Structure formats: structure tokens, C-alpha cells
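Note: the block below is query19.cif and it holds mmCIF, C-alpha atoms.
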data_target
#
loop_
_atom_site.label_atom_id
_atom_site.label_comp_id
_atom_site.auth_asym_id
_atom_site.auth_seq_id
_atom_site.Cartn_x
_atom_site.Cartn_y
_atom_site.Cartn_z
CA MET A 26 -11.45 -108.40 -186.54
CA SER A 27 -12.99 -107.20 -183.28
CA MET A 28 -10.42 -105.84 -180.85
CA GLN A 29 -11.85 -108.11 -178.16
CA ASN A 30 -11.27 -111.18 -180.37
CA ILE A 31 -7.55 -110.61 -180.85
CA ASP A 32 -5.47 -113.57 -179.70
CA THR A 33 -2.86 -112.23 -177.27
CA SER A 34 -1.51 -115.64 -176.23
CA THR A 35 1.70 -115.17 -178.23
CA THR A 36 2.04 -111.38 -177.91
CA VAL A 37 1.46 -110.74 -174.19
CA ALA A 38 3.89 -112.34 -171.74
CA SER A 39 2.64 -110.88 -168.47
CA SER A 40 0.59 -108.15 -166.80
CA ARG A 41 1.56 -106.13 -163.74
CA ILE A 42 -0.24 -103.79 -161.38
CA ARG A 43 1.84 -101.55 -159.12
CA LEU A 44 0.55 -99.21 -156.41
CA ALA A 45 2.65 -96.48 -154.79
CA ARG A 46 1.78 -95.72 -151.16
CA ASN A 47 3.31 -93.83 -148.23
CA LEU A 48 2.64 -93.85 -144.51
CA ASN A 49 1.18 -90.71 -143.01
CA GLY A 50 3.52 -89.00 -140.54
CA TYR A 51 6.81 -90.32 -141.95
CA PRO A 52 9.25 -88.62 -144.38
CA PHE A 53 9.63 -90.21 -147.79
CA PRO A 54 12.29 -92.98 -147.86
CA GLY A 55 14.93 -90.68 -149.32
CA ARG A 56 14.50 -88.35 -146.33
CA LEU A 57 14.23 -90.85 -143.48
CA LYS A 58 16.33 -89.70 -140.55
CA ASN A 59 17.74 -93.10 -139.60
CA ASP A 60 17.28 -96.84 -139.97
CA LYS A 61 15.12 -96.83 -136.81
CA GLN A 62 12.36 -95.06 -138.75
CA ALA A 63 12.88 -97.39 -141.68
CA LYS A 64 12.56 -100.48 -139.47
CA GLU A 65 9.36 -99.08 -137.91
CA ILE A 66 7.82 -98.81 -141.38
CA ILE A 67 8.98 -102.31 -142.31
CA ARG A 68 7.47 -103.83 -139.17
CA ALA A 69 4.20 -101.94 -139.64
CA VAL A 70 3.78 -103.08 -143.24
CA SER A 71 4.79 -106.69 -142.56
CA SER A 72 2.44 -106.89 -139.58
CA ALA A 73 -0.47 -105.41 -141.55
CA ILE A 74 -0.25 -107.75 -144.54
CA ASN A 75 0.39 -110.88 -142.47
CA LYS A 76 -2.79 -110.42 -140.45
CA VAL A 77 -4.66 -112.06 -143.32
CA ASP A 78 -2.14 -113.54 -145.77
CA GLU A 79 1.12 -115.44 -145.41
CA PHE A 80 4.00 -113.32 -146.69
CA LYS A 81 7.72 -113.87 -146.15
CA LEU A 82 9.72 -110.85 -145.02
CA TYR A 83 13.12 -110.23 -146.62
CA TYR A 84 15.38 -107.59 -145.07
CA MET A 85 17.72 -106.46 -147.82
CA ASP A 86 20.63 -106.36 -145.35
CA GLY A 87 19.70 -109.82 -144.10
CA ILE A 88 20.05 -111.77 -147.36
CA THR A 89 23.09 -112.61 -149.46
CA GLU A 90 24.10 -110.67 -152.56
CA GLU A 91 23.14 -113.73 -154.65
CA GLU A 92 19.65 -113.89 -153.09
CA ALA A 93 19.16 -110.16 -153.67
CA LEU A 94 20.20 -110.46 -157.31
CA ASN A 95 17.81 -113.39 -157.66
CA LEU A 96 14.89 -111.23 -156.53
CA VAL A 97 15.80 -108.64 -159.18
CA GLU A 98 16.24 -111.20 -161.98
CA ASN A 99 12.87 -112.71 -161.14
CA HIS A 100 11.23 -109.26 -161.41
CA LEU A 101 10.20 -109.29 -157.74
CA VAL A 102 12.16 -106.23 -156.62
CA SER A 103 13.87 -103.31 -158.35
CA PRO A 104 17.63 -102.63 -158.36
CA LEU A 105 16.83 -99.38 -156.49
CA LEU A 106 15.64 -101.35 -153.47
CA LEU A 107 19.12 -102.84 -153.07
CA LYS A 108 20.94 -99.50 -152.96
CA ARG A 109 20.11 -98.83 -149.29
CA PRO A 110 19.90 -102.32 -147.76
CA HIS A 111 19.83 -101.06 -144.15
CA TYR A 112 16.60 -99.19 -144.90
CA SER A 113 14.75 -101.54 -147.23
CA ALA A 114 12.87 -104.83 -147.26
CA ALA A 115 10.27 -106.79 -149.23
CA VAL A 116 7.37 -109.04 -148.34
CA ILE A 117 6.60 -111.75 -150.91
CA ASN A 118 3.81 -114.30 -151.02
CA GLU A 119 4.34 -118.04 -151.43
CA GLN A 120 3.24 -118.00 -155.09
CA ARG A 121 5.80 -115.22 -155.72
CA ASN A 122 3.38 -113.22 -157.83
CA VAL A 123 2.74 -110.53 -155.19
CA CYS A 124 5.55 -108.46 -153.72
CA ILE A 125 5.53 -105.33 -151.60
CA MET A 126 8.80 -103.41 -151.67
CA ILE A 127 9.30 -101.35 -148.52
CA ASN A 128 11.30 -98.10 -148.50
CA GLU A 129 12.17 -98.02 -152.17
CA GLU A 130 11.25 -94.64 -153.72
CA ASP A 131 8.02 -94.77 -151.68
CA HIS A 132 7.34 -96.50 -148.37
CA LEU A 133 5.35 -99.13 -150.25
CA ARG A 134 5.56 -100.29 -153.83
CA GLU A 135 2.88 -102.97 -154.04
CA GLN A 136 2.91 -105.12 -157.15
CA CYS A 137 1.16 -108.15 -158.55
CA ILE A 138 2.35 -109.93 -161.71
CA GLU A 139 0.14 -112.38 -163.59
CA LYS A 140 0.98 -114.38 -166.71
CA GLY A 141 -0.66 -113.40 -169.99
CA PHE A 142 -3.10 -110.57 -170.62
CA SER A 143 -4.47 -110.46 -167.07
CA LEU A 144 -4.51 -106.82 -166.00
CA ARG A 145 -7.92 -107.09 -164.35
CA ARG A 146 -6.98 -110.16 -162.35
CA ALA A 147 -3.73 -108.54 -161.19
CA TYR A 148 -5.65 -105.37 -160.30
CA ASN A 149 -8.22 -107.28 -158.25
CA VAL A 150 -5.51 -109.17 -156.35
CA MET A 151 -3.49 -106.03 -155.61
CA SER A 152 -6.52 -103.98 -154.63
CA GLN A 153 -7.47 -106.65 -152.10
CA LYS A 154 -3.98 -106.62 -150.55
CA ASP A 155 -3.92 -102.82 -150.54
CA ASN A 156 -7.24 -102.73 -148.69
CA ILE A 157 -5.91 -105.18 -146.10
CA ILE A 158 -2.89 -102.96 -145.41
CA ALA A 159 -5.06 -99.82 -145.29
CA ARG A 160 -7.05 -101.28 -142.39
CA SER A 161 -3.95 -101.12 -140.17
CA ILE A 162 -1.95 -98.26 -141.71
CA GLN A 163 -2.98 -94.70 -142.49
CA PHE A 164 -1.73 -93.77 -145.95
CA ALA A 165 -0.63 -90.24 -146.84
CA TYR A 166 -3.59 -88.90 -148.83
CA ASP A 167 -4.87 -85.51 -149.99
CA GLU A 168 -8.41 -84.84 -151.21
CA GLN A 169 -7.17 -82.97 -154.29
CA LEU A 170 -3.85 -84.71 -155.03
CA GLY A 171 -4.86 -88.25 -154.08
CA PHE A 172 -2.16 -90.56 -152.72
CA LEU A 173 0.97 -88.55 -151.89
CA THR A 174 4.12 -89.98 -153.47
CA ALA A 175 7.82 -89.17 -153.56
CA CYS A 176 7.67 -88.53 -157.31
CA PRO A 177 4.92 -86.16 -158.53
CA THR A 178 4.30 -88.40 -161.56
CA ASN A 179 2.73 -91.00 -159.24
CA LEU A 180 0.30 -88.64 -157.50
CA GLY A 181 -3.41 -89.40 -157.68
CA THR A 182 -4.20 -93.08 -157.98
CA GLY A 183 -0.57 -94.14 -157.58
CA LEU A 184 -1.43 -96.87 -160.10
CA ARG A 185 0.86 -98.17 -162.82
CA ALA A 186 -0.70 -100.77 -165.09
CA SER A 187 1.95 -102.53 -167.19
CA VAL A 188 1.85 -105.20 -169.85
CA MET A 189 4.91 -107.02 -171.20
CA LEU A 190 4.65 -107.54 -174.94
CA PHE A 191 6.65 -109.82 -177.25
CA LEU A 192 7.02 -107.89 -180.51
CA PRO A 193 9.58 -109.50 -182.82
CA ALA A 194 7.77 -108.77 -186.11
CA LEU A 195 7.24 -105.07 -185.39
CA THR A 196 10.90 -104.83 -184.33
CA MET A 197 12.27 -106.67 -187.36
CA SER A 198 10.04 -104.63 -189.70
CA GLY A 199 11.30 -101.36 -188.22
CA PHE A 200 7.94 -100.18 -186.90
CA MET A 201 8.75 -100.01 -183.18
CA PRO A 202 9.90 -96.35 -183.13
CA SER A 203 6.55 -95.35 -184.68
CA VAL A 204 4.63 -97.59 -182.25
CA ILE A 205 6.46 -96.06 -179.28
CA ARG A 206 5.75 -92.50 -180.47
CA SER A 207 2.06 -93.31 -180.91
CA ALA A 208 1.90 -94.90 -177.45
CA ASN A 209 3.55 -91.82 -175.95
CA LYS A 210 0.94 -89.55 -177.54
CA LEU A 211 -1.79 -91.67 -175.93
CA GLY A 212 -0.21 -91.26 -172.49
CA LEU A 213 1.70 -94.54 -172.31
CA THR A 214 5.39 -95.11 -171.85
CA VAL A 215 7.38 -97.98 -173.38
CA ARG A 216 10.42 -99.51 -171.66
CA GLY A 217 12.51 -102.66 -171.65
CA ALA A 218 11.86 -105.85 -169.70
CA TYR A 219 13.32 -104.51 -166.44
CA GLY A 220 11.46 -101.20 -166.43
CA GLU A 221 12.81 -97.68 -166.46
CA GLY A 222 16.25 -97.32 -168.00
CA SER A 223 16.40 -100.86 -169.39
CA GLN A 224 16.68 -101.92 -173.02
CA ALA A 225 14.24 -104.14 -174.92
CA GLU A 226 15.90 -107.55 -174.75
CA GLY A 227 14.48 -110.50 -176.64
CA TYR A 228 11.92 -108.27 -178.40
CA MET A 229 10.22 -107.65 -175.03
CA TYR A 230 8.61 -104.24 -174.37
CA GLN A 231 6.79 -103.00 -171.29
CA PHE A 232 3.80 -100.73 -172.00
CA SER A 233 2.44 -98.78 -169.01
CA ASN A 234 0.39 -95.69 -168.24
CA GLU A 235 2.27 -92.45 -167.66
CA VAL A 236 -0.53 -90.40 -166.08
CA THR A 237 -1.89 -91.22 -162.60
CA LEU A 238 -3.37 -87.85 -161.56
CA GLY A 239 -6.74 -86.64 -162.81
CA VAL A 240 -7.80 -90.05 -164.11
CA THR A 241 -9.59 -92.96 -162.47
CA GLU A 242 -8.18 -96.44 -162.04
CA GLU A 243 -10.79 -97.73 -164.50
CA GLU A 244 -9.70 -95.18 -167.12
CA ILE A 245 -6.06 -96.24 -166.69
CA LEU A 246 -6.85 -99.93 -167.07
CA THR A 247 -9.06 -99.36 -170.12
CA GLN A 248 -6.49 -97.16 -171.87
CA VAL A 249 -3.65 -99.64 -171.38
CA GLU A 250 -5.84 -102.56 -172.49
CA GLN A 251 -6.90 -100.77 -175.67
CA VAL A 252 -3.33 -99.91 -176.64
CA VAL A 253 -2.14 -103.46 -175.93
CA LEU A 254 -4.88 -104.94 -178.10
CA ARG A 255 -4.09 -102.54 -180.95
CA VAL A 256 -0.33 -103.24 -180.78
CA SER A 257 -1.01 -106.99 -180.60
CA GLU A 258 -3.16 -106.70 -183.73
CA MET A 259 -0.33 -104.90 -185.52
CA GLU A 260 2.21 -107.49 -184.40
CA LEU A 261 0.08 -110.40 -185.61
CA SER A 262 -0.40 -108.67 -188.97
CA GLU A 263 3.36 -108.22 -189.38
CA ARG A 264 4.00 -111.83 -188.38
CA ALA A 265 1.70 -112.97 -191.19
CA LYS A 266 3.78 -110.91 -193.62
CA LEU A 267 7.02 -112.38 -192.27
CA LYS A 268 5.63 -115.87 -192.73
CA THR A 269 4.55 -115.43 -196.36
CA GLY A 270 6.52 -112.45 -197.65
CA GLU A 271 9.90 -112.05 -199.31
CA ARG A 272 11.73 -112.70 -196.05
CA ALA A 273 9.78 -115.89 -195.23
CA VAL A 274 12.65 -118.32 -195.89
CA GLU A 275 15.15 -116.08 -194.11
CA VAL A 276 12.90 -115.79 -191.04
CA LYS A 277 12.21 -119.53 -190.99
CA ASP A 278 15.92 -120.23 -191.29
CA GLY A 279 16.66 -117.98 -188.29
CA CYS A 280 14.04 -119.71 -186.16
CA LEU A 281 15.21 -123.23 -187.08
CA ARG A 282 18.87 -122.32 -186.56
CA ALA A 283 17.93 -121.08 -183.08
CA LEU A 284 16.25 -124.42 -182.37
CA GLY A 285 19.30 -126.25 -183.68
CA VAL A 286 21.79 -124.36 -181.49
CA LEU A 287 19.62 -124.48 -178.38
CA THR A 288 19.34 -128.27 -178.65
CA ASN A 289 22.94 -128.92 -179.76
CA CYS A 290 25.43 -126.84 -177.80
CA ALA A 291 27.99 -127.35 -175.07
CA LEU A 292 28.33 -123.71 -173.97
CA LEU A 293 25.57 -121.11 -173.91
CA THR A 294 25.93 -117.57 -172.55
CA GLY A 295 22.99 -115.80 -170.96
CA GLU A 296 22.87 -113.21 -173.74
CA GLU A 297 22.93 -115.86 -176.47
CA CYS A 298 20.30 -117.91 -174.65
CA GLU A 299 17.92 -114.97 -174.51
CA ARG A 300 18.49 -114.06 -178.16
CA LEU A 301 17.99 -117.60 -179.41
CA CYS A 302 14.95 -118.18 -177.20
CA ALA A 303 13.38 -115.05 -178.69
CA GLN A 304 13.88 -116.52 -182.18
CA LEU A 305 12.47 -119.84 -180.99
CA LYS A 306 9.37 -118.08 -179.60
CA LEU A 307 8.87 -116.42 -182.98
CA GLY A 308 9.28 -119.79 -184.70
CA VAL A 309 6.55 -121.33 -182.55
CA ALA A 310 4.31 -118.29 -183.00
CA ILE A 311 4.45 -118.40 -186.82
CA GLY A 312 4.38 -122.18 -187.10
CA CYS A 313 7.99 -123.02 -188.03
CA CYS A 314 8.15 -125.12 -184.87
CA SER A 315 5.45 -126.82 -182.84
CA SER A 316 5.06 -126.53 -179.08
CA GLU A 317 2.33 -126.05 -176.50
CA GLY A 318 2.46 -122.27 -176.21
CA ILE A 319 5.48 -120.03 -175.65
CA GLY A 320 5.02 -119.01 -172.01
CA TRP A 321 7.34 -121.78 -170.84
CA ILE A 322 10.14 -120.22 -172.90
CA ASP A 323 9.85 -116.98 -170.88
CA ASP A 324 10.05 -119.06 -167.69
CA LEU A 325 13.11 -120.85 -169.06
CA ILE A 326 14.90 -117.56 -169.79
CA ILE A 327 14.39 -116.44 -166.19
CA LYS A 328 15.45 -119.83 -164.84
CA MET A 329 18.70 -119.56 -166.79
CA LYS A 330 19.68 -116.21 -165.27
CA PRO A 331 23.02 -116.35 -163.38
CA SER A 332 21.56 -116.16 -159.86
CA ASN A 333 18.99 -118.85 -160.54
CA ILE A 334 21.69 -121.17 -161.91
CA ASN A 335 23.94 -120.50 -158.91
CA LEU A 336 21.12 -121.16 -156.46
CA SER A 337 20.18 -124.34 -158.30
CA ALA A 338 23.81 -125.52 -158.28
CA GLY A 339 24.18 -124.65 -154.61
CA ARG A 340 27.26 -122.51 -155.16
CA LYS A 341 28.53 -119.56 -157.19
CA LEU A 342 29.71 -120.97 -160.49
CA ALA A 343 32.38 -119.45 -162.70
CA ALA A 344 31.11 -117.95 -165.96
CA ALA A 345 32.25 -120.94 -168.04
CA GLU A 346 30.62 -123.37 -165.60
CA ARG A 347 27.35 -121.46 -165.82
CA ASP A 348 27.50 -121.49 -169.62
CA ALA A 349 28.03 -125.27 -169.61
CA TYR A 350 25.21 -125.78 -167.09
CA ARG A 351 22.90 -123.56 -169.14
CA ALA A 352 23.71 -125.37 -172.39
CA ASP A 353 23.06 -128.80 -170.92
CA TYR A 354 19.81 -127.80 -169.21
CA VAL A 355 18.40 -125.81 -172.13
CA SER A 356 19.25 -128.41 -174.78
CA ARG A 357 17.43 -131.18 -172.91
CA PHE A 358 14.51 -128.94 -171.90
CA VAL A 359 13.88 -127.53 -175.38
CA ALA A 360 14.37 -130.85 -177.19
CA ALA A 361 11.59 -132.37 -175.08
CA ARG A 362 9.11 -129.59 -175.89
CA VAL A 363 9.74 -128.34 -179.43
CA LYS A 364 9.56 -130.10 -182.78
CA ARG A 365 10.39 -128.79 -186.23
CA GLN A 366 7.36 -128.46 -188.52
#
When written as C-alpha cells, how does the structure in this file appear?
Amino acid sequence: MSMQNIDTSTTVASSRIRLARNLNGYPFPGRLKNDKQAKEIIRAVSSAINKVDEFKLYYMDGITEEEALNLVENHLVSPLLLKRPHYSAAVINEQRNVCIMINEEDHLREQCIEKGFSLRRAYNVMSQKDNIIARSIQFAYDEQLGFLTACPTNLGTGLRASVMLFLPALTMSGFMPSVIRSANKLGLTVRGAYGEGSQAEGYMYQFSNEVTLGVTEEEILTQVEQVVLRVSEMELSERAKLKTGERAVEVKDGCLRALGVLTNCALLTGEECERLCAQLKLGVAIGCCSSEGIGWIDDLIIKMKPSNINLSAGRKLAAAERDAYRADYVSRFVAARVKRQ
């Protein structure tokens, strides 16, 4: 099978491009003298991007704790951005696929997230926004070192190309440690769904480039794409074995039990929801259940995060109330979209 013909529709959840940038003439965020400097940077960035596009500005000290948590759970901002709310902000577009974090580790952390295997599309979108900002702001740049960043590992292009992969078969077969070691040797790092320091929940792994200095943006994109295609090929091969091998009945049973609980429960914790949805995704992917794709399941998992439930309910629910709300919503939502084969 040609690498370019590999079907990534059930292995790749999303693609992300992130650019690290700093303003010339200002200390890095961790060394800013006061919030006056921080606010100057925030105003400059917000003004620059809004000259062409409509972005909403969120001051981290101007939103509620629930709203801040919601931005984290929806992968729009990092937990680090919330640690110094008087210094930090974010500008987010209406589609909520482009976010620029201001005064996180760097003055700007520009990111675009697209569904599926869409690194090139995310790169084109983010490059356009970056060029718009660069017309109004002078970035800190060195002819030899490239873009100057707070962490030396981001020097050069400042580009991180990341792809979120759903790898249940490789995980269940015990191959993930070997896959991670191989990716590391090729210059990629593998993390959990929420980036550095997070665990792989729901069989989700984030693959991204580790090197940004001494390589071109094209080389970074190509390397990540090639690794993603190879890992997807391995995952699909292992899924075929799970479907027809000695564990076939056991795997099918796990997927159908997940469907049964998700559509017939009165209480559902967030952790259980994510675990069962991962099994349901596998069931759809290997044909135990029928549904139009699995991307909607990823959206459902995010929608059932605590902050999203609280915002939907219009108040902060107690844990038991959230579990009841989640169970009712998920059971009706899944029952309308999934059928047993």
C-alpha cells in the first residue's frame, strides 16, 4: 500500500500548527517588569490581528475561573497561560480554530487546529495570520538563530507541527513503547492529549517535531507527515488482527459493552465517558458498530467536560449532577448515531 493512500480518517483526530514569537525590545514573559509591559504587548498583538480579522480578546484576569477552564478543556489555551492572569490574554477567532496566547512562555503562541490529517491547511492558515501580525509588530529575530524564543528548543522556525492520533490497537497490542522510541529517534516527541506532561487518555497520542533549529518549515511538515502515515499504517494493520485474531470476540465484546453502557446509564463520570467513548470509536473503526465516522465522538468527549456541562447548564453543577447530565445527554446522542452491526 502506498503511504499516500493510507486512510487516516479513523486514526488522525486533528492537526495543529503552533508558532512561537516574541516582540523585539521586550523581555520574555517570565522576565517582564510589571503588568504595564504585559498589557502593552497584549494591546499591540490584539490591534495587529484585528486589523484584518475579527478576533475576540480574553484577558485571563477578566474572565471567570469556569470560562478559563473551558478554554483549556477545549484545547484553546494551555494551563500555563492561567498561572499569571494579570499578565496574560488570548485572542480567538469566531470559528475557535485559531488562538493566539499572549504572554505564556513566549509573547505569542499562535496556533491553528484543524480536524483530521490537515497539517498543510493549518500551516497555511497560521502562516497567513502570522504575516498579518508581522506587518505591525517587529519580532525578535536573529540571522543565525532565527526567531528568538524563551526556550532554546523553539529557536529557528519556532514551528511545532502536531498531529493527534487515535491508536487503540497499537496500545492494546503493547507496541506503543516501541513506536514512541522510534518516533524519538526520528526527531519527534509523543505526548498525551493535552501536550507536555499529560498522559495518553482514550488511546490519544500527540506526535510533534522536537527540532526547530537548523531545519526548514517544509522539512518539519514532511517529517511529521511521514511518521504519522507510517504509524497510521501500523495501527490499521493491528486493528485488522484484533478483528480476526484470537482476541476478536473479546475486543468485539468490549466495544459492544461500551455501546450498551453509553446508551443505558443514569450516571456517567467524565473518566468513564472518555474510556467508553474510546472503545466505541474502536468498535466503529473495526466494524462492530455502524456510524458516520468517529470525529463526532471526539467532539462529544470535549462537550462532556465539566466546564462545558456547567456552561451549558448555566450554573456550576455538583459532581453527581454533572454525572447525571452527562449520562442523559450521551445516551440520547449516541443512540441516535450508532447501531450494532
Do you have the CA of Asp348 in chain A-CA of Asn289 in chain A distance handy?
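Interatomic distance, CA of Asp348 in chain A to CA of Asn289 in chain A: 13.4 Å.
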Name every residue that the PyMOL selection byres ((chain A and resi 136) around 8) selects in this structure, writing the answer as a list in words with chains first and numbers rising.
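Expected selection for the PyMOL selection byres ((chain A and resi 136) around 8) here is Arg41, Ile42, Arg43, Leu44, Val123, Cys124, Ile125, Arg134, Glu135, Cys137, Ile138 and Met151 of chain A.
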Can you spell out as number ranges by chain the set of residues that the PyMOL selection byres ((chain A and resi 262) around 12) selects in the structure I just provided?
A: 26, 31-32, 36, 192-195, 198, 255-261, 263-270, 311
Selection from above, C-alpha atoms, as a short mmCIF file (atom, residue, chain, number, x, y, z; two decimals), in the coordinates of the input, can you write it?
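Wrote it out as out_28.cif, contents follow:
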data_model
loop_
_atom_site.label_atom_id
_atom_site.label_comp_id
_atom_site.auth_asym_id
_atom_site.auth_seq_id
_atom_site.Cartn_x
_atom_site.Cartn_y
_atom_site.Cartn_z
CA MET A 26 -11.45 -108.40 -186.54
CA ILE A 31 -7.55 -110.61 -180.85
CA ASP A 32 -5.47 -113.57 -179.70
CA THR A 36 2.04 -111.38 -177.91
CA LEU A 192 7.02 -107.89 -180.51
CA PRO A 193 9.58 -109.50 -182.82
CA ALA A 194 7.77 -108.77 -186.11
CA LEU A 195 7.24 -105.07 -185.39
CA SER A 198 10.04 -104.63 -189.70
CA ARG A 255 -4.09 -102.54 -180.95
CA VAL A 256 -0.33 -103.24 -180.78
CA SER A 257 -1.01 -106.99 -180.60
CA GLU A 258 -3.16 -106.70 -183.73
CA MET A 259 -0.33 -104.90 -185.52
CA GLU A 260 2.21 -107.49 -184.40
CA LEU A 261 0.08 -110.40 -185.61
CA GLU A 263 3.36 -108.22 -189.38
CA ARG A 264 4.00 -111.83 -188.38
CA ALA A 265 1.70 -112.97 -191.19
CA LYS A 266 3.78 -110.91 -193.62
CA LEU A 267 7.02 -112.38 -192.27
CA LYS A 268 5.63 -115.87 -192.73
CA THR A 269 4.55 -115.43 -196.36
CA GLY A 270 6.52 -112.45 -197.65
CA ILE A 311 4.45 -118.40 -186.82
#
Using all atoms listed in the file, find each residue in range 195-313 of chain A having at least one atom no more than 10 Å away from range 353-363 of chain A; report its shortest atom-to-atom pair and that distance in Å (one decimal), rows by chain then rising number, as a Markdown table.
| residue | atom | partner | partner_atom | distance |
| --- | --- | --- | --- | --- |
| A:Leu284 | CA | A:Val359 | CA | 8.0 |
| A:Gly285 | CA | A:Ser356 | CA | 9.2 |
| A:Val286 | CA | A:Ser356 | CA | 8.2 |
| A:Leu287 | CA | A:Ser356 | CA | 5.3 |
| A:Thr288 | CA | A:Ser356 | CA | 3.9 |
| A:Asn289 | CA | A:Ser356 | CA | 6.2 |
| A:Cys290 | CA | A:Ser356 | CA | 7.1 |
| A:Ala291 | CA | A:Asp353 | CA | 6.6 |
| A:Leu292 | CA | A:Asp353 | CA | 7.9 |
| A:Leu293 | CA | A:Asp353 | CA | 8.6 |
| A:Cys298 | CA | A:Val355 | CA | 8.5 |
| A:Cys302 | CA | A:Val359 | CA | 9.6 |
| A:Leu305 | CA | A:Val363 | CA | 9.1 |
| A:Val309 | CA | A:Val363 | CA | 8.3 |
Using the chain letters and numbers from the file, which residues does the PyMOL selection byres ((chain A and resi 236) around 8) grab, as a ChimeraX atom specification?
/A:178-179,212-213,234-235,237-240
Residue among A:Leu57, A:Leu173, A:Val70, A:Val97 lying closest to Asn333 in chain A, counting all atoms listed in the file:
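Closest residue, counting all atoms listed in the file: A:Val97.
CA of Leu48 in chain A lies 10.7 Å from CA of Ile158 in chain A.
With all atoms listed in the file as the atoms that count, the residue of A:Ser332, A:Gly87, A:Trp321, A:Glu79 with the shortest distance to Glu119 in chain A is A:Glu79.
Of note, CA of Met197 in chain A and CA of Ala283 in chain A are spaced 16.1 Å apart.
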Contacts of Ala345 in chain A at 12 Å (all atoms listed in the file; same-chain gap of 2+ positions) as a PDB file with C-alpha atoms, in the coordinates of the input:
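File part32.pdb, as written:
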ATOM      1  CA  ALA A 291      27.990-127.350-175.070  1.00  0.00           C
ATOM      2  CA  LEU A 292      28.330-123.710-173.970  1.00  0.00           C
ATOM      3  CA  LEU A 293      25.570-121.110-173.910  1.00  0.00           C
ATOM      4  CA  THR A 294      25.930-117.570-172.550  1.00  0.00           C
ATOM      5  CA  GLY A 295      22.990-115.800-170.960  1.00  0.00           C
ATOM      6  CA  PRO A 331      23.020-116.350-163.380  1.00  0.00           C
ATOM      7  CA  LYS A 341      28.530-119.560-157.190  1.00  0.00           C
ATOM      8  CA  LEU A 342      29.710-120.970-160.490  1.00  0.00           C
ATOM      9  CA  ALA A 343      32.380-119.450-162.700  1.00  0.00           C
ATOM     10  CA  ARG A 347      27.350-121.460-165.820  1.00  0.00           C
ATOM     11  CA  ASP A 348      27.500-121.490-169.620  1.00  0.00           C
ATOM     12  CA  ALA A 349      28.030-125.270-169.610  1.00  0.00           C
ATOM     13  CA  TYR A 350      25.210-125.780-167.090  1.00  0.00           C
ATOM     14  CA  ARG A 351      22.900-123.560-169.140  1.00  0.00           C
ATOM     15  CA  ALA A 352      23.710-125.370-172.390  1.00  0.00           C
TER      16      ALA A 352
END
